[in-house]
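Okay, coords-v1.txt now, which holds compact mmCIF, C-alpha atoms:
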```
# COMPACT_ATOMS: atom_id res chain seq x y z
CA MET A 133 102.88 81.64 108.92
CA THR A 134 102.74 84.79 110.94
CA ALA A 135 105.06 87.77 110.69
CA ALA A 136 106.44 86.84 114.12
CA SER A 137 107.25 83.27 113.07
CA LEU A 138 108.90 84.51 109.88
CA ALA A 139 110.97 87.00 111.85
CA ALA A 140 111.98 84.16 114.18
CA ASP A 141 113.07 82.20 111.10
CA GLY A 142 115.27 85.10 109.99
CA PHE A 143 113.02 86.90 107.47
CA ARG A 144 111.55 90.36 107.42
CA PRO A 145 109.33 92.32 105.01
CA VAL A 146 111.14 94.04 102.15
CA GLY A 147 109.68 97.38 103.32
CA GLU A 148 111.90 97.13 106.39
CA VAL A 149 115.00 96.69 104.24
CA VAL A 150 114.54 99.33 101.52
CA ALA A 151 113.08 102.84 101.74
CA GLU A 152 109.93 103.26 99.67
CA ILE A 153 109.68 106.56 97.80
CA ASP A 154 106.65 108.63 96.87
CA ALA A 155 106.34 107.44 93.28
CA ALA A 156 103.22 109.39 92.25
CA ALA A 157 105.10 111.60 89.76
CA TYR A 158 106.77 108.57 88.14
CA LEU A 159 103.51 106.64 87.92
CA ALA A 160 101.95 109.68 86.22
CA ILE A 161 104.70 109.50 83.58
CA LEU A 162 103.88 105.83 82.93
CA GLU A 163 100.19 106.57 82.64
CA ASP A 164 100.73 109.56 80.36
CA ARG A 165 103.21 107.89 77.99
CA TRP A 166 102.05 104.27 77.90
CA GLY A 167 98.59 104.28 79.50
CA ILE A 168 99.79 102.01 82.32
CA PRO A 169 97.42 102.73 85.23
CA GLY A 170 98.86 103.71 88.60
CA GLU A 171 96.58 101.15 90.29
CA ALA A 172 98.71 98.42 88.69
CA PHE A 173 101.39 99.26 91.27
CA ALA A 174 99.30 98.78 94.41
CA ASP A 175 101.23 95.61 95.36
CA GLN A 176 104.60 97.03 94.32
CA LEU A 177 107.16 98.92 96.37
CA ILE A 178 109.24 101.46 94.44
CA PHE A 179 112.58 102.53 95.87
CA ARG A 180 115.87 104.13 94.85
CA PRO A 181 118.86 101.74 95.07
CA ASN A 182 121.22 104.32 93.50
CA ARG A 183 121.30 107.79 91.93
CA LYS A 184 120.56 106.66 88.36
CA TRP A 185 117.38 104.61 88.55
CA LEU A 186 114.45 103.35 90.56
CA ALA A 187 113.72 99.71 91.36
CA ILE A 188 110.48 97.83 91.91
CA VAL A 189 109.68 94.80 94.06
CA ASP A 190 106.56 93.01 95.24
CA ARG A 191 105.84 94.53 98.64
CA ARG A 192 104.94 91.06 100.03
CA MET A 193 108.50 89.85 99.46
CA LEU A 194 110.38 88.63 102.51
CA VAL A 195 114.12 89.19 102.79
CA PRO A 196 116.49 86.94 104.75
CA VAL A 197 118.00 88.97 107.55
CA ASP A 198 121.42 87.32 107.71
CA ALA A 199 122.00 86.57 104.03
CA GLU A 200 124.06 88.74 101.73
CA TRP A 201 122.11 89.66 98.63
CA LEU A 202 123.30 91.48 95.55
CA ALA A 203 120.02 93.20 94.73
CA ILE A 204 116.36 93.36 95.62
CA GLY A 205 113.68 93.69 92.94
CA ILE A 206 114.35 94.71 89.36
CA PRO A 207 115.65 97.94 87.87
CA PHE A 208 112.51 99.83 86.94
CA LEU A 209 112.90 103.38 85.65
CA TYR A 210 115.78 105.60 84.59
CA ASP A 211 114.36 108.77 86.09
CA LYS A 212 117.28 111.20 85.72
CA MET A 213 116.96 111.42 81.94
CA ARG A 214 115.22 114.28 80.12
CA ASP A 215 112.57 111.72 79.13
CA PRO A 216 112.46 109.07 81.87
CA ARG A 217 112.35 105.55 80.46
CA LEU A 218 111.52 102.08 81.62
CA THR A 219 114.29 99.53 81.82
CA THR A 220 113.99 96.58 79.45
CA ALA A 221 113.08 94.30 82.37
CA ALA A 222 110.33 96.68 83.48
CA ALA A 223 109.04 97.07 79.91
CA ILE A 224 108.76 93.28 79.66
CA LYS A 225 107.12 93.02 83.10
CA LEU A 226 104.65 95.90 82.59
CA GLY A 227 104.26 96.13 78.82
CA SER A 228 101.13 93.99 78.73
CA LEU A 229 99.37 96.80 80.62
CA ALA A 230 100.25 99.46 78.03
CA THR A 231 97.46 100.96 75.92
CA ARG A 232 99.39 103.53 73.85
CA ASN A 233 102.83 104.04 72.34
CA LEU A 234 102.78 100.31 71.84
CA LEU A 235 103.92 98.71 68.58
CA ASP A 236 102.94 95.21 67.44
CA LEU A 237 105.76 94.18 65.11
CA ASP A 238 105.71 91.60 62.34
CA ARG A 239 108.56 89.08 62.09
CA ALA A 240 110.74 91.24 59.84
CA GLU A 241 110.32 94.32 62.07
CA LEU A 242 111.07 92.20 65.14
CA GLY A 243 114.34 91.09 63.55
CA GLU A 244 115.38 94.71 63.02
CA PHE A 245 114.32 95.59 66.56
CA LEU A 246 116.29 92.72 68.14
CA ALA A 247 119.35 93.57 66.05
CA ARG A 248 119.13 97.21 67.28
CA ARG A 249 118.77 98.54 63.74
CA ASP A 250 116.57 101.45 62.68
CA PHE A 251 113.32 100.49 60.97
CA ARG A 252 110.04 102.07 59.95
CA PRO A 253 106.99 100.34 61.43
CA ARG A 254 103.96 99.70 59.26
CA PRO A 255 101.66 102.76 59.01
CA GLU A 256 98.88 101.13 61.04
CA GLU A 257 101.34 100.57 63.89
CA ALA A 258 102.95 104.00 63.63
CA ALA A 259 99.47 105.51 64.01
CA LYS A 260 99.32 104.06 67.56
CA CYS A 261 102.13 106.37 68.68
CA THR A 262 101.45 109.80 70.15
CA GLY A 263 104.78 111.15 68.96
CA PRO A 264 108.54 110.75 69.36
CA GLY A 265 109.81 109.01 72.48
CA TYR A 266 109.98 105.55 73.97
CA VAL A 267 107.62 102.83 72.76
CA ILE A 268 106.85 99.37 74.08
CA VAL A 269 107.32 96.69 71.44
CA ARG A 270 105.44 93.40 71.12
CA HIS A 271 105.41 90.50 68.71
CA ARG A 272 102.43 88.14 68.64
CA GLY A 273 101.22 89.58 71.94
CA LEU A 274 104.50 89.09 73.82
CA VAL A 275 106.48 92.11 74.96
CA ALA A 276 109.96 92.16 73.42
CA GLY A 277 111.23 95.35 75.05
CA LEU A 278 111.50 99.06 74.55
CA GLY A 279 112.26 101.06 71.44
CA HIS A 280 112.97 104.71 70.75
CA ALA A 281 110.80 106.39 68.11
CA TRP A 282 111.37 109.63 66.21
CA THR A 283 110.05 111.30 63.08
CA ASP A 284 112.26 111.07 59.99
CA ALA A 285 111.08 112.70 56.75
CA GLY A 286 107.51 112.70 58.07
CA GLU A 287 107.52 108.99 58.97
CA LEU A 288 107.97 107.25 62.29
CA ALA A 289 111.32 105.51 62.69
CA VAL A 290 112.22 103.20 65.58
CA ARG A 291 115.41 101.76 67.01
CA GLY A 292 115.40 98.78 69.38
CA MET A 293 116.70 99.53 72.86
CA VAL A 294 117.51 95.89 73.56
CA PRO A 295 120.55 95.68 75.86
CA ARG A 296 123.65 94.89 73.82
CA SER A 297 124.16 91.67 75.78
CA TRP A 298 120.66 90.56 74.63
CA GLN A 299 121.16 91.69 71.03
CA ALA A 300 120.21 89.14 68.41
CA ARG A 301 122.96 88.14 66.03
CA GLY A 302 122.20 86.99 62.51
CA VAL A 303 118.57 88.11 62.72
CA GLY A 304 116.95 90.26 60.08
CA ARG A 305 119.17 91.16 57.14
```

Is it possible to give me this structure as structure tokens?
Amino acid sequence: MTAASLAADGFRPVGEVVAEIDAAAYLAILEDRWGIPGEAFADQLIFRPNRKWLAIVDRRMLVPVDAEWLAIGIPFLYDKMRDPRLTTAAAIKLGSLATRNLLDLDRAELGEFLARRDFRPRPEEAAKCTGPGYVIVRHRGLVAGLGHAWTDAGELAVRGMVPRSWQARGVGR
């Protein structure tokens, strides 16, 4: 199908519907904190749907012209915070690309993470962190979400940042 035939069928490229921003500074944050390379976003369009966060969408997406839609793409980055952070959806989507500040949790740690309780990761995992801040969390190679790490009595402590509506009940303790 050509762009003209799609337009005739009532579709247009997402880039005509949302305003792409210059995301270089945000991509630098992702590379610095998590080692996610900026090149990974070549096919993505980053835009600001509101004042609080940025969103991301595949730039090849086509949007129906006459349909009402609630949202385009996924919430991507809370950029107005002192330390910008990925959304849980973005951490799950992009976490496999991370090379640092990435914790591989065992089953017990995962239970604490999903229940949003504080826990201390095993020393070999804590050593993968560059310092306090947000960390991407995996279990058996699958990204589970984002955690917040800090130093407590000389040891790394982490709290799961799983949205409350996703919070596991009856897991862990």

Starting from 8 Å padding per side, set up an axis-aligned box that covers all listed atoms of stretch 288-293 of chain A and hand over centre and edge lengths in Å, one decimal, as lines of an AutoDock Vina configuration file.
```
center_x = 112.3
center_y = 103.0
center_z = 67.6
size_x = 24.7
size_y = 24.5
size_z = 26.6
```

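Our summary of the geometry notes that atom CA of A:Leu234 is positioned 4.7 Å from atom CA of A:Ile268.
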
task: Pick out the closest residue to A:Ala289 from this set: A:Phe251, A:Glu257, A:Leu274, A:Val267. Count all atoms listed in the file.
output: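 Counting all atoms listed in the file, the residue closest to A:Ala289 is A:Phe251.
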
message: Nearest residue to A:Asn233 out of A:Lys260, A:Arg191, A:Arg180, A:His280, using all atoms listed in the file?
response: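 Ranked by minimum distance to A:Asn233, first place goes to A:Lys260.
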
message: Could you check the closest approach to A:Phe143 for each of A:Val269, A:Ala247, A:Val195, A:Ala222 and tell me which residue wins, using only C-alpha atoms?
response: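 Among the listed residues, A:Val195 lies closest to A:Phe143.
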
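For the atom pair formed by atom CA of A:Arg214 and atom CA of A:Gly243, the distance is 28.5 Å, given to one decimal.
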
field: Gap from atom CA of A:Ile168 to atom CA of A:Val150 - Å, one decimal
entry: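 Interatomic distance here is 24.4 Å.
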
May I have a table of the residues of stretch 173-292 of chain A lying at most 9 Å from stretch 157-163 of chain A, giving each one's closest pair of atoms and their distance in Å to one decimal, counting all atoms listed in the file, ordered by chain and ascending residue number, as a tab-separated table?
```
residue	atom	partner	partner_atom	distance
A:Phe173	CA	A:Leu159	CA	8.4
A:Leu209	CA	A:Tyr158	CA	8.4
A:Asp211	CA	A:Tyr158	CA	7.9
A:Pro216	CA	A:Ile161	CA	8.0
A:Arg217	CA	A:Leu162	CA	8.8
A:Leu218	CA	A:Leu162	CA	8.6
A:Ala230	CA	A:Glu163	CA	8.5
```

Would you write out those residues with C-alpha atoms, as a short mmCIF file (atom, residue, chain, number, x, y, z; two decimals), in the coordinates of the input?
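Saved to result.cif:
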```
data_model
loop_
_atom_site.label_atom_id
_atom_site.label_comp_id
_atom_site.auth_asym_id
_atom_site.auth_seq_id
_atom_site.Cartn_x
_atom_site.Cartn_y
_atom_site.Cartn_z
CA PHE A 173 101.39 99.26 91.27
CA LEU A 209 112.90 103.38 85.65
CA ASP A 211 114.36 108.77 86.09
CA PRO A 216 112.46 109.07 81.87
CA ARG A 217 112.35 105.55 80.46
CA LEU A 218 111.52 102.08 81.62
CA ALA A 230 100.25 99.46 78.03
#
```
